[in-house]
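As stored in model-v9.csv (CSV, C-alpha atoms):
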chain,number,residue,atom,x,y,z
A,10,ALA,CA,17.1,31.9,51.1
A,11,LEU,CA,19.8,32.4,53.8
A,12,GLN,CA,17.2,33.4,56.4
A,13,LYS,CA,14.8,30.6,55.4
A,14,ASN,CA,17.2,27.6,55.0
A,15,GLN,CA,20.2,28.8,57.0
A,16,ILE,CA,22.6,28.0,54.2
A,17,HIS,CA,24.2,30.0,51.3
A,18,LYS,CA,23.2,29.5,47.7
A,19,PRO,CA,25.4,30.3,44.7
A,20,THR,CA,24.7,33.5,42.7
A,21,LYS,CA,22.7,33.2,39.5
A,22,SER,CA,23.1,36.7,38.0
A,23,ALA,CA,25.3,39.8,38.0
A,24,MET,CA,22.8,41.6,40.3
A,25,GLU,CA,23.0,38.7,42.8
A,26,CYS,CA,26.8,38.9,42.7
A,27,ASP,CA,26.6,42.6,43.6
A,28,ALA,CA,24.0,41.9,46.3
A,29,HIS,CA,26.2,39.1,47.8
A,30,ILE,CA,29.2,41.4,47.9
A,31,ALA,CA,27.3,44.3,49.4
A,32,GLY,CA,25.5,42.2,52.1
A,33,LEU,CA,28.0,39.4,52.9
A,34,PHE,CA,31.5,40.2,51.8
A,35,ILE,CA,32.6,42.1,54.9
A,36,GLN,CA,31.3,39.5,57.4
A,37,ASN,CA,32.7,36.6,55.5
A,38,TYR,CA,36.1,38.4,55.1
A,39,ALA,CA,36.2,39.1,58.8
A,40,SER,CA,35.4,35.4,59.8
A,41,ILE,CA,38.0,34.0,57.4
A,42,TYR,CA,40.7,36.5,58.4
A,43,GLN,CA,40.1,35.7,62.1
A,44,VAL,CA,40.4,32.0,61.5
A,45,LEU,CA,43.6,32.4,59.4
A,46,SER,CA,45.1,34.7,62.0
A,47,GLU,CA,44.6,32.0,64.7
A,48,LEU,CA,46.0,29.4,62.4
A,49,LYS,CA,49.1,31.5,61.7
A,50,LYS,CA,49.7,32.0,65.5
A,51,ARG,CA,49.5,28.3,66.1
A,52,THR,CA,51.7,27.1,63.2
A,53,LYS,CA,55.4,27.6,63.1
A,54,HIS,CA,56.7,29.3,59.9
A,55,PHE,CA,53.2,29.5,58.4
A,56,ASN,CA,53.8,30.1,54.7
A,57,PRO,CA,51.6,27.9,52.5
A,58,ASN,CA,53.1,27.4,49.0
A,59,LYS,CA,50.0,26.0,47.3
A,60,VAL,CA,46.6,27.6,48.2
A,61,LEU,CA,43.1,26.8,47.2
A,62,ASP,CA,40.1,29.1,48.0
A,63,ILE,CA,36.6,27.8,47.4
A,64,GLY,CA,33.4,29.9,47.9
A,65,PHE,CA,30.4,31.7,46.5
A,66,GLY,CA,32.0,35.1,46.9
A,67,PRO,CA,34.8,37.0,45.0
A,68,ALA,CA,37.7,34.9,46.2
A,69,THR,CA,37.1,36.2,49.7
A,70,GLY,CA,39.4,33.7,51.4
A,71,MET,CA,42.3,34.5,49.1
A,72,ILE,CA,41.8,38.3,49.7
A,73,ALA,CA,41.9,37.7,53.4
A,74,LEU,CA,45.0,35.5,53.2
A,75,ASN,CA,46.8,38.1,51.0
A,76,GLN,CA,46.0,40.8,53.6
A,77,LEU,CA,47.2,38.7,56.5
A,78,MET,CA,50.4,37.5,54.9
A,79,GLY,CA,51.6,40.9,53.5
A,80,ASN,CA,52.9,42.2,50.3
A,81,GLU,CA,55.8,39.7,50.0
A,82,PHE,CA,53.4,36.7,50.0
A,83,LYS,CA,54.2,35.0,46.7
A,84,PRO,CA,53.3,31.2,46.9
A,85,GLU,CA,53.8,28.9,43.9
A,86,VAL,CA,50.1,28.2,43.4
A,87,LYS,CA,47.1,30.4,44.1
A,88,ASP,CA,43.8,29.0,42.9
A,89,ALA,CA,40.3,30.3,43.6
A,90,LEU,CA,37.3,28.2,42.7
A,91,ILE,CA,34.2,30.5,42.6
A,92,VAL,CA,30.9,28.6,42.7
A,93,GLY,CA,28.0,30.5,41.0
A,94,ASP,CA,27.6,33.1,38.3
A,95,LYS,CA,30.6,33.9,36.1
A,96,SER,CA,30.1,37.6,36.9
A,97,MET,CA,31.6,36.9,40.4
A,98,LYS,CA,34.9,36.1,38.7
A,99,ASP,CA,35.0,39.6,37.2
A,100,ARG,CA,34.4,41.1,40.6
A,101,ALA,CA,37.1,38.8,42.1
A,102,LYS,CA,39.6,40.0,39.6
A,103,ILE,CA,38.9,43.7,40.4
A,104,LEU,CA,39.2,43.2,44.1
A,105,LEU,CA,42.3,41.0,43.9
A,106,SER,CA,44.0,43.5,41.5
A,107,ARG,CA,43.9,46.1,44.4
A,108,GLN,CA,46.3,43.9,46.4
A,109,LEU,CA,50.0,44.4,45.9
A,110,ASN,CA,50.9,40.7,46.3
A,111,GLU,CA,48.6,39.9,43.3
A,112,TYR,CA,50.7,42.1,40.9
A,113,THR,CA,52.2,39.8,38.2
A,114,GLY,CA,55.2,42.0,37.3
A,115,ASP,CA,58.1,43.4,39.3
A,116,ILE,CA,57.2,45.5,42.3
A,117,LYS,CA,60.0,48.0,41.3
A,118,ASP,CA,58.3,48.5,37.9
A,119,LEU,CA,55.0,49.2,39.6
A,120,GLU,CA,56.6,51.8,41.9
A,121,LEU,CA,58.1,53.6,38.8
A,122,GLU,CA,54.7,53.5,37.1
A,123,MET,CA,53.0,55.1,40.2
A,124,ASP,CA,55.7,57.8,40.4
A,125,GLU,CA,55.2,58.6,36.7
A,126,ALA,CA,51.4,58.7,37.2
A,127,GLN,CA,51.8,61.1,40.1
A,128,GLU,CA,54.0,63.4,38.1
A,129,MET,CA,51.4,63.5,35.3
A,130,LEU,CA,48.6,64.3,37.8
A,131,GLU,CA,50.6,67.2,39.2
A,132,ASP,CA,50.8,68.7,35.7
A,133,VAL,CA,47.1,68.3,34.8
A,134,ASP,CA,44.3,70.7,35.6
A,135,GLU,CA,41.9,68.9,38.0
A,136,ASN,CA,38.7,70.0,36.3
A,137,VAL,CA,39.9,69.0,32.8
A,138,PHE,CA,41.1,65.6,34.2
A,139,GLN,CA,37.8,64.9,35.9
A,140,ASP,CA,35.8,65.8,32.8
A,141,GLU,CA,37.9,63.3,30.8
A,142,ILE,CA,37.3,60.6,33.3
A,143,ASP,CA,33.5,61.3,33.2
A,144,ASP,CA,33.5,60.9,29.4
A,145,ARG,CA,35.2,57.5,29.6
A,146,VAL,CA,33.5,55.9,32.5
A,147,GLY,CA,32.0,52.5,31.8
A,148,ALA,CA,32.4,48.8,32.5
A,149,ILE,CA,35.8,47.6,33.6
A,150,LYS,CA,37.4,45.3,31.0
A,151,THR,CA,38.4,42.5,33.4
A,152,ASN,CA,39.9,40.4,30.6
A,153,HIS,CA,42.8,42.9,30.6
A,154,ILE,CA,43.4,42.5,34.4
A,155,LYS,CA,46.1,40.1,35.4
A,156,VAL,CA,46.4,38.7,38.9
A,157,LYS,CA,48.5,35.9,40.4
A,158,THR,CA,45.4,34.0,41.6
A,159,LYS,CA,44.0,31.7,38.9
A,160,LEU,CA,40.2,31.7,38.9
A,161,ARG,CA,39.1,28.1,38.2
A,162,ASP,CA,35.8,26.5,37.1
A,163,TYR,CA,36.4,23.1,38.6
A,164,LEU,CA,38.5,21.3,41.2
A,165,SER,CA,41.4,19.3,39.8
A,166,PRO,CA,41.2,15.6,40.9
A,167,THR,CA,45.1,15.3,41.0
A,168,LYS,CA,46.2,18.7,42.4
A,169,LYS,CA,47.3,18.9,46.0
A,170,TYR,CA,47.3,22.1,48.2
A,171,ASP,CA,49.0,23.1,51.5
A,172,LEU,CA,46.1,25.2,52.5
A,173,ILE,CA,42.4,24.9,51.5
A,174,ILE,CA,39.9,27.6,52.6
A,175,ALA,CA,36.3,26.3,52.1
A,176,THR,CA,33.6,28.9,52.8
A,177,HIS,CA,30.0,27.6,53.0
A,178,GLN,CA,30.8,24.7,50.8
A,179,LEU,CA,30.0,21.6,52.9
A,180,LEU,CA,26.2,21.6,52.5
A,181,GLN,CA,24.1,22.9,49.6
A,182,ASP,CA,20.9,21.0,50.3
A,183,SER,CA,19.7,20.8,53.9
A,184,SER,CA,17.6,17.7,53.1
A,185,ARG,CA,20.9,15.8,52.4
A,186,PHE,CA,22.4,16.5,55.8
A,187,PRO,CA,24.7,14.9,57.0
A,188,PHE,CA,25.5,12.7,53.9
A,189,GLN,CA,26.4,15.7,51.7
A,190,VAL,CA,28.8,17.0,54.4
A,191,ASP,CA,30.5,13.6,54.4
A,192,GLU,CA,30.9,13.7,50.6
A,193,ASN,CA,32.3,17.2,50.4
A,194,VAL,CA,34.7,16.6,53.3
A,195,ASP,CA,36.1,13.6,51.5
A,196,ILE,CA,36.5,15.7,48.3
A,197,LEU,CA,38.4,18.4,50.2
A,198,LEU,CA,40.7,16.0,52.0
A,199,LYS,CA,41.6,14.3,48.8
A,200,SER,CA,42.9,17.7,47.6
A,201,LEU,CA,44.9,18.3,50.8
A,202,SER,CA,48.7,17.7,50.9
A,203,PRO,CA,50.2,15.7,53.8
A,204,ASN,CA,50.6,18.1,56.8
A,205,GLY,CA,48.4,20.6,55.0
A,206,HIS,CA,45.7,22.8,56.7
A,207,LEU,CA,41.9,22.7,55.9
A,208,VAL,CA,40.0,25.8,57.0
A,209,LEU,CA,36.2,25.4,57.1
A,210,VAL,CA,34.0,28.4,57.5
A,211,GLU,CA,30.2,28.1,58.0
A,212,ARG,CA,27.5,30.4,59.3
A,213,GLY,CA,27.2,31.1,63.0
A,214,ASN,CA,23.7,29.5,63.2
A,215,PRO,CA,22.5,26.1,64.5
A,216,LEU,CA,22.8,24.5,61.1
A,217,GLY,CA,26.3,25.9,60.6
A,218,PHE,CA,27.3,24.5,64.0
A,219,GLU,CA,26.0,21.1,63.1
A,220,ILE,CA,27.8,21.2,59.7
A,221,VAL,CA,31.2,21.9,61.4
A,222,ALA,CA,30.5,19.3,64.1
A,223,ARG,CA,29.7,16.7,61.5
A,224,ALA,CA,32.8,17.6,59.5
A,225,ARG,CA,35.0,17.2,62.6
A,226,HIS,CA,33.4,13.9,63.4
A,227,VAL,CA,33.9,12.6,59.9
A,228,MET,CA,37.6,13.5,59.9
A,229,ILE,CA,38.4,12.4,63.5
A,230,ARG,CA,36.1,9.4,63.8
A,231,PRO,CA,36.2,8.9,67.6
A,232,ASP,CA,33.6,6.1,67.2
A,233,ARG,CA,36.1,3.9,65.3
A,234,ASN,CA,38.9,4.3,67.9
A,235,GLY,CA,37.4,3.3,71.2
A,236,ASN,CA,40.5,1.6,72.6
A,237,GLU,CA,43.2,4.2,72.0
A,238,ASN,CA,42.5,6.7,74.7
A,239,GLY,CA,41.4,9.6,72.6
A,240,LYS,CA,44.5,10.1,70.5
A,241,ILE,CA,43.9,13.0,68.1
A,242,PRO,CA,44.3,13.3,65.1
A,243,ARG,CA,43.4,9.8,63.9
A,244,SER,CA,43.9,8.6,60.4
A,245,TYR,CA,41.1,9.5,58.1
A,246,GLN,CA,39.0,6.8,56.5
A,247,LYS,CA,36.0,7.5,54.2
A,248,ASN,CA,32.7,6.5,55.5
A,249,GLU,CA,31.2,4.0,53.1
A,250,ASN,CA,27.6,5.0,53.9
A,251,THR,CA,27.5,8.6,52.5
A,252,LYS,CA,25.0,8.2,49.6
A,253,GLY,CA,21.9,9.1,51.7
A,254,LYS,CA,18.7,9.9,49.9

Whole structure, structure tokens version:
Amino acid sequence: ALQKNQIHKPTKSAMECDAHIAGLFIQNYASIYQVLSELKKRTKHFNPNKVLDIGFGPATGMIALNQLMGNEFKPEVKDALIVGDKSMKDRAKILLSRQLNEYTGDIKDLELEMDEAQEMLEDVDENVFQDEIDDRVGAIKTNHIKVKTKLRDYLSPTKKYDLIIATHQLLQDSSRFPFQVDENVDILLKSLSPNGHLVLVERGNPLGFEIVARARHVMIRPDRNGNENGKIPRSYQKNENTKGK
């Protein structure tokens, strides 16, 4: 579907979730990390307190942000809206739980637990220990995993965020370009706090370029400000003609 239509589609099964992670996670992570790195360089005291990540993958934007900001990154709100099959939430929990700044307890307690586990391993015969692991191997019970990021099913109409990372979320149906881009940009901007940052990531193909160009045009609206000598940014006003076909 990505090769044919140039746009991502949400996953519909656990197998599609695994295929998405295997084929696309690394390149999406790299793109988001690069954009966030550039944003951090250009913003004084970059430390968003309320973050929203929206995408088809396993909270890829939040994982990249965690890695960029370091272990001490503990914002007040960390929300991830995962579009697609619910199995992707399970995979997001597993990946997020590997990051220290997603640990919900005290870091000192975690260090003590790791020291105790190391001592136990030193006293256990490796072959016996591996046999025991092989006997118990199975599906991970993700309902027991606790992470700071809340995995949400929908976007709150009243909640505001300092940073929104939207990955491949501006266009779901190419036949509705550019009207669907206008609609989705308006939804995202309504969730953005004053002086907040909106990060848009799309594919590096012709349609992805057009999507980002349209989003920039909708937000900046140079055609409505012909007499003010190109002052940027301009105040955002929703385009009334966004229904399309």

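The shell of residues at most 9 Å from Leu109 (chain A), with only C-alpha atoms counted and near chain neighbours (fewer than 6 positions) removed, consists of Asn75, Gly79, Asn80, Glu81 and Ile116 of chain A.
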
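Restricting the calculation to only C-alpha atoms, the smallest distance between Met78 (chain A) and any of A:Ser46, A:Ser184, A:Asn37, A:Thr176 is found for A:Ser46.
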
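The interatomic distance for the pair CA of Ser244 (chain A) and CA of Ala224 (chain A) works out to 14.3 Å.
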
Work out where the centre of an axis-aligned box around every listed atom of region 15-25 of chain A lies and how long its edges are once 4 Å is added on each side; give both in Å to one decimal as JSON.
{"center_x": 22.8, "center_y": 34.8, "center_z": 47.5, "size_x": 13.2, "size_y": 21.6, "size_z": 27.0}

Interatomic distance (Å, one decimal) between CA of Ile174 (chain A) and CA of Ala23 (chain A) | 24.0 Å

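When all atoms listed in the file are used to measure the gap to Val92 (chain A), the shortest distance among A:Asp171, A:Asp27, A:Asp62, A:Asp191 belongs to A:Asp62.
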
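If you measure from each of A:Ile154, A:Leu61, A:Ala73, A:Ile41 to Lys98 (chain A) using all atoms listed in the file, the closest one turns out to be A:Ile154.
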
In Å to one decimal, how far is CA of Ala68 (chain A) from CA of Leu90 (chain A)?
-> 7.6 Å

All heavy atoms for region 11-22 of chain A, written as a compact mmCIF listing (two decimals), in the frame of the given file, could you do that?
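Generated output (out.txt):
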# COMPACT_ATOMS: atom_id res chain seq x y z
N LEU A 11 18.88 32.57 52.61
CA LEU A 11 19.80 32.40 53.80
C LEU A 11 18.97 32.42 55.07
O LEU A 11 19.22 31.63 55.98
CB LEU A 11 20.84 33.48 53.78
CG LEU A 11 21.88 33.43 54.88
CD1 LEU A 11 22.65 32.12 54.83
CD2 LEU A 11 22.85 34.60 54.76
N GLN A 12 17.99 33.32 55.16
CA GLN A 12 17.20 33.40 56.40
C GLN A 12 16.25 32.16 56.48
O GLN A 12 16.02 31.64 57.58
CB GLN A 12 16.29 34.65 56.32
CG GLN A 12 17.09 35.93 56.50
CD GLN A 12 16.20 37.16 56.43
OE1 GLN A 12 15.12 37.12 55.87
NE2 GLN A 12 16.67 38.27 56.98
N LYS A 13 15.75 31.67 55.36
CA LYS A 13 14.80 30.60 55.40
C LYS A 13 15.48 29.22 55.64
O LYS A 13 15.01 28.42 56.45
CB LYS A 13 14.05 30.52 54.06
CG LYS A 13 12.98 29.44 53.98
CD LYS A 13 12.28 29.47 52.63
CE LYS A 13 11.23 28.36 52.54
NZ LYS A 13 10.54 28.37 51.22
N ASN A 14 16.59 28.98 54.95
CA ASN A 14 17.20 27.60 55.00
C ASN A 14 18.52 27.59 55.79
O ASN A 14 19.09 26.52 55.94
CB ASN A 14 17.51 27.18 53.55
CG ASN A 14 16.27 27.14 52.69
OD1 ASN A 14 15.23 26.67 53.13
ND2 ASN A 14 16.37 27.64 51.46
N GLN A 15 19.02 28.74 56.23
CA GLN A 15 20.20 28.80 57.00
C GLN A 15 21.52 28.50 56.28
O GLN A 15 22.59 28.40 56.87
CB GLN A 15 20.16 27.94 58.28
CG GLN A 15 19.04 28.29 59.24
CD GLN A 15 19.14 27.50 60.53
OE1 GLN A 15 20.12 27.62 61.25
NE2 GLN A 15 18.13 26.70 60.84
N ILE A 16 21.43 28.29 54.97
CA ILE A 16 22.60 28.00 54.20
C ILE A 16 22.71 28.92 52.97
O ILE A 16 21.69 29.40 52.48
CB ILE A 16 22.68 26.53 53.72
CG1 ILE A 16 21.43 26.16 52.94
CG2 ILE A 16 22.88 25.58 54.89
CD1 ILE A 16 21.47 24.73 52.38
N HIS A 17 23.93 29.14 52.49
CA HIS A 17 24.20 30.00 51.30
C HIS A 17 23.77 29.27 50.05
O HIS A 17 23.82 28.04 49.97
CB HIS A 17 25.63 30.39 51.26
CG HIS A 17 25.99 31.47 52.21
ND1 HIS A 17 25.91 32.81 51.91
CD2 HIS A 17 26.46 31.41 53.48
CE1 HIS A 17 26.31 33.52 52.93
NE2 HIS A 17 26.65 32.69 53.91
N LYS A 18 23.43 30.04 49.04
CA LYS A 18 23.20 29.50 47.70
C LYS A 18 24.12 30.26 46.72
O LYS A 18 24.43 31.43 46.92
CB LYS A 18 21.73 29.75 47.28
CG LYS A 18 20.72 28.95 48.09
CD LYS A 18 20.78 27.48 47.74
CE LYS A 18 19.69 26.70 48.47
NZ LYS A 18 19.78 25.25 48.19
N PRO A 19 24.54 29.58 45.66
CA PRO A 19 25.40 30.30 44.70
C PRO A 19 24.60 31.34 43.92
O PRO A 19 23.38 31.23 43.75
CB PRO A 19 25.80 29.13 43.72
CG PRO A 19 24.77 28.07 43.90
CD PRO A 19 24.32 28.17 45.33
N THR A 20 25.29 32.37 43.50
CA THR A 20 24.70 33.50 42.70
C THR A 20 24.27 32.97 41.35
O THR A 20 24.91 32.09 40.78
CB THR A 20 25.60 34.66 42.63
OG1 THR A 20 26.83 34.23 42.04
CG2 THR A 20 25.87 35.27 43.99
N LYS A 21 23.24 33.61 40.78
CA LYS A 21 22.70 33.20 39.50
C LYS A 21 22.72 34.36 38.46
O LYS A 21 22.33 34.17 37.31
CB LYS A 21 21.34 32.62 39.59
CG LYS A 21 21.29 31.34 40.41
CD LYS A 21 19.88 30.80 40.49
CE LYS A 21 19.83 29.51 41.31
NZ LYS A 21 18.45 28.98 41.42
N SER A 22 23.13 35.55 38.88
CA SER A 22 23.10 36.70 38.00
C SER A 22 24.12 37.74 38.47
O SER A 22 24.60 37.66 39.61
CB SER A 22 21.73 37.32 37.90
OG SER A 22 21.38 37.90 39.15
